[in-house]
Amino acid sequence: MSPARYEDWMLLDLEPGADLAEINAALRLRRALYQPGSLATYNLLDDDERRTMIERIDEAFRRVTGHEPPPANSPPTAEPAAAPKVDEPSGPAPDSRTEPGALLAFYRRSRGMSIEQLSAETKIRVTLLQQLESENIDELPEAVFVRGHVLTYARALGLENPNEIAALYLAKVKLD
Amino acid sequence: MIIEADVHAPSGPRIWAIGGGKGGVGKSVITTNLAVAVARTGERVAVVDADLGGANLHTMVGVPSPRMNLSDFISRRVATLAEIMTPTPVENLWLISGAKAMLETANPNFGQKGKILRHIAMLDVDHVFLDLGAGTAFNVLDFFLVARKGILVVVPEATSVENAYFFIKAAYFRKLKQAQPRTQVKAAVDAVMNSEARARVRTPRDLMAQVMTVDADAGAALMEEASTFSPSIIVNRVERAEQARLGDEMGSACRDYFGIRLQCLGSFPADNLVCRSVDERRPAVDLFPQSSFAAAVRSAASAFVGVPTEAAG
């Protein structure tokens, strides 16, 4: 077998000397790029050109690893479970000082995330999330826990300044 | 490099051009929001509506009826672009409004175009964001090529991707043409294009390979010109995780196929709050700062902030 050339690494989009895990990952990505349904190459290459590219990529894999590439039939991609429909938020974004709970709910809905999904992600109980959103002070735990929950909530949504939101939330619920 | 050297005076603004072949992919929304996000960091920004046929950027930055626009400059009612630079409700952000559907200004001639570009380079701001029209007319391509960075906006749809590749190809050939005033290069290109080798030229990369065989010096000159062509891409309205990879995948395909570097600046999520912000005529980064779209814009905008003024990239 002929040794790997620089071109082979190029074909796999790798720096020479990458480890086996990187090479395997690269093979998957590079093959996916030239699969018949690939949006990124659909208009650029015809079916023959695509097959040729996949063959070249497999050949590069052989030279780089000294092994046969794994069979090309990639595992069928599971249909993602239909996400529950989430009501889109309406009206302007609530004020973070006067309605921090409503603000959290607003941005949760804008991301199409149900309260159950958020619960699965944050490991915070659904009822507690509902209480946080409605600022149900009587039912909320101690301030230190509320702070932690709000931080977790804000981070799960990828909001800017989770600390600031948590501070505003605590200021609000203490004032009332 | 020839044109870039003219336009980028050491103290001049950094120029970013946003195009993308297809209409309706969100160029103006992205231009506006990137510009606002950069302005919010304290750097001074001008957005220029260079969609010379269908200007509407003024609505998006909250200036309903700009007093003057590019037609006033092209028709010489004002002498400098600075005179038509309008303040916007956003601090540190100014607008140069586009000409409103005037056919004669939609296709400025070579001299007018050069004049617009020279004056853009003299604006006393840190950044200029050019919102280009749809399509691949020479005007659009020239504005795209003259910028520090040309940015293409695509959406994860076959037609948009096709248009983007068409745009990249057109811009690339245009860029190579700029190397051609050198007689030797032109002669070598003509020799290839007038021979039976023409049939083998499907991509700019093929052209360079063929020119190389005819005249190695001319080929090297073309290669040098080509190496300065590295557009960027933003994928807009991403709904599913695999769509977020489209930008990087197109980058790989461009490298394999055209031999150029296409860098992905970001994937912006489909977010209903963006439509709402357009209805409200305010930038989403201001109206819904915590939206997933705004977060993605701010993250992409950080690549523009603090870039040195000297033409380096």
# chains A, B, ... in the order shown; residues from 1 in each chain; ligands from 1
$ interface_residues --of "chain A" --to "chain B" --cutoff "6 Å" --atoms "only C-alpha atoms" --output "ChimeraX atom specification"
/A:40,43,159
$ write_last_selection --atoms "C-alpha atoms" --output "short mmCIF file (atom, residue, chain, number, x, y, z; two decimals), in the first residue's frame"
data_model
loop_
_atom_site.label_atom_id
_atom_site.label_comp_id
_atom_site.auth_asym_id
_atom_site.auth_seq_id
_atom_site.Cartn_x
_atom_site.Cartn_y
_atom_site.Cartn_z
CA ALA A 40 -23.96 22.14 0.30
CA ASN A 43 -25.86 22.38 -7.01
CA LEU A 159 -29.47 34.55 27.81
#
$ select_by_dssp --residues "region 53-276 of chain B" --states "alpha helix (DSSP H)" --output "PyMOL selection string"
chain B and resi 57-60+70-74+103-106+110-121+138-146+158-177+183-193+204-214+216-227+246-257+272-276
$ residues_around --residues "region 30-42 of chain B" --least-positions-apart "2" --cutoff "6 Å" --atoms "only C-alpha atoms" --output "list in words"
Lys27, Ser28, Arg44, Val45, Asn92, Leu93, Pro283, Arg298 and Ala301 of chain B
$ write_last_selection --atoms "N, CA and C atoms" --output "PDB file, in the first residue's frame"
ATOM      1  N   LYS B  27     -30.651  39.795   4.089  1.00  0.00           N
ATOM      2  CA  LYS B  27     -29.440  40.635   4.035  1.00  0.00           C
ATOM      3  C   LYS B  27     -29.614  41.924   4.837  1.00  0.00           C
ATOM      4  N   SER B  28     -30.734  42.619   4.604  1.00  0.00           N
ATOM      5  CA  SER B  28     -30.900  43.917   5.263  1.00  0.00           C
ATOM      6  C   SER B  28     -31.083  43.756   6.763  1.00  0.00           C
ATOM      7  N   ARG B  44     -17.900  53.683  15.976  1.00  0.00           N
ATOM      8  CA  ARG B  44     -18.824  54.456  15.128  1.00  0.00           C
ATOM      9  C   ARG B  44     -19.061  53.722  13.814  1.00  0.00           C
ATOM     10  N   VAL B  45     -20.327  53.625  13.452  1.00  0.00           N
ATOM     11  CA  VAL B  45     -20.711  52.782  12.325  1.00  0.00           C
ATOM     12  C   VAL B  45     -21.628  53.538  11.369  1.00  0.00           C
ATOM     13  N   ASN B  92     -24.106  56.219  17.924  1.00  0.00           N
ATOM     14  CA  ASN B  92     -22.941  55.778  17.135  1.00  0.00           C
ATOM     15  C   ASN B  92     -23.300  55.112  15.806  1.00  0.00           C
ATOM     16  N   LEU B  93     -24.556  55.224  15.393  1.00  0.00           N
ATOM     17  CA  LEU B  93     -24.961  54.610  14.121  1.00  0.00           C
ATOM     18  C   LEU B  93     -25.568  55.660  13.197  1.00  0.00           C
ATOM     19  N   PRO B 283     -34.440  47.289  15.205  1.00  0.00           N
ATOM     20  CA  PRO B 283     -33.538  46.130  15.106  1.00  0.00           C
ATOM     21  C   PRO B 283     -33.811  45.114  16.212  1.00  0.00           C
ATOM     22  N   ARG B 298     -24.763  39.153  18.127  1.00  0.00           N
ATOM     23  CA  ARG B 298     -23.708  39.743  18.957  1.00  0.00           C
ATOM     24  C   ARG B 298     -22.432  38.922  18.897  1.00  0.00           C
ATOM     25  N   ALA B 301     -20.852  39.658  15.636  1.00  0.00           N
ATOM     26  CA  ALA B 301     -20.390  41.050  15.574  1.00  0.00           C
ATOM     27  C   ALA B 301     -19.054  41.217  16.286  1.00  0.00           C
TER      28      ALA B 301
END
$ residues_around --residues "Glu164 (chain A)" --least-positions-apart "4" --cutoff "10 Å" --atoms "only C-alpha atoms" --output "compact mmCIF listing (two decimals) with N, CA and C atoms, in the first residue's frame"
# COMPACT_ATOMS: atom_id res chain seq x y z
N SER A 96 -37.47 43.59 32.51
CA SER A 96 -36.73 42.67 33.37
C SER A 96 -36.81 43.09 34.84
N LEU A 151 -30.59 31.34 37.62
CA LEU A 151 -29.33 31.26 36.86
C LEU A 151 -29.36 30.09 35.89
N GLU A 160 -28.06 36.52 27.81
CA GLU A 160 -26.92 37.32 28.24
C GLU A 160 -27.11 37.64 29.73
N LEU A 168 -32.06 40.84 39.47
CA LEU A 168 -33.31 41.56 39.30
C LEU A 168 -34.49 40.74 39.81
N TYR A 169 -34.39 39.43 39.59
CA TYR A 169 -35.48 38.55 40.04
C TYR A 169 -35.58 38.60 41.57
N LEU A 170 -34.45 38.47 42.22
CA LEU A 170 -34.47 38.48 43.70
C LEU A 170 -34.94 39.82 44.22
$ residues_around --residues "Ala156 (chain A)" --least-positions-apart "6" --cutoff "9 Å" --atoms "only C-alpha atoms" --output "PyMOL selection string"
chain A and resi 118+121-122
$ residues_around --residues "region 114-121 of chain B" --least-positions-apart "2" --cutoff "7 Å" --atoms "only C-alpha atoms" --output "ChimeraX atom specification"
/B:7-8,12-13,80-81,110-112,123
$ write_last_selection --atoms "C-alpha atoms" --output "PDB file, in the first residue's frame"
ATOM      1  CA  VAL B   7      -9.781  52.372  -0.812  1.00  0.00           C
ATOM      2  CA  HIS B   8      -8.221  51.517   2.525  1.00  0.00           C
ATOM      3  CA  GLY B  12     -10.249  55.037   6.884  1.00  0.00           C
ATOM      4  CA  PRO B  13     -13.197  52.935   7.962  1.00  0.00           C
ATOM      5  CA  THR B  80     -19.732  64.618  -0.101  1.00  0.00           C
ATOM      6  CA  LEU B  81     -21.310  61.478   1.331  1.00  0.00           C
ATOM      7  CA  PHE B 110     -17.897  53.197 -13.714  1.00  0.00           C
ATOM      8  CA  GLY B 111     -16.991  56.761 -12.713  1.00  0.00           C
ATOM      9  CA  GLN B 112     -19.956  57.157 -10.380  1.00  0.00           C
ATOM     10  CA  LEU B 123     -16.184  58.710   5.961  1.00  0.00           C
TER      11      LEU B 123
END
$ residues_around --residues "Ala218 (chain B)" --least-positions-apart "5" --cutoff "10 Å" --atoms "only C-alpha atoms" --output "NGL selection string"
:B and (179-180 or 182-189 or 208 or 211-213 or 223-224)
$ closest_residue --among "A:Ala4, A:Ala26, A:Val173, A:Leu11" --to "Arg56 (chain A)" --atoms "only C-alpha atoms"
A:Leu11
$ closest_residue --among "A:Arg5, A:Ser114, A:Val144, A:Asp58" --to "Pro89 (chain A)" --atoms "only C-alpha atoms"
A:Ser114
$ closest_residue --among "B:Val29, B:Ile234, B:Ala79, B:Met68" --to "Ala300 (chain B)" --atoms "only C-alpha atoms"
B:Ile234
$ closest_residue --among "A:Asp19, A:Asp13, A:Glu133, A:Glu99" --to "Ala171 (chain A)" --atoms "only C-alpha atoms"
A:Glu99
$ select_by_dssp --residues "region 2-225 of chain B" --states "strand (DSSP E or B)" --output "ChimeraX atom specification"
/B:14-19,21,45-50,85-87,93-96,127-132,135,149-154
$ atom_distance --atom1 "CA of Val150 (chain A)" --atom2 "CA of Tyr107 (chain A)"
13.2 Å
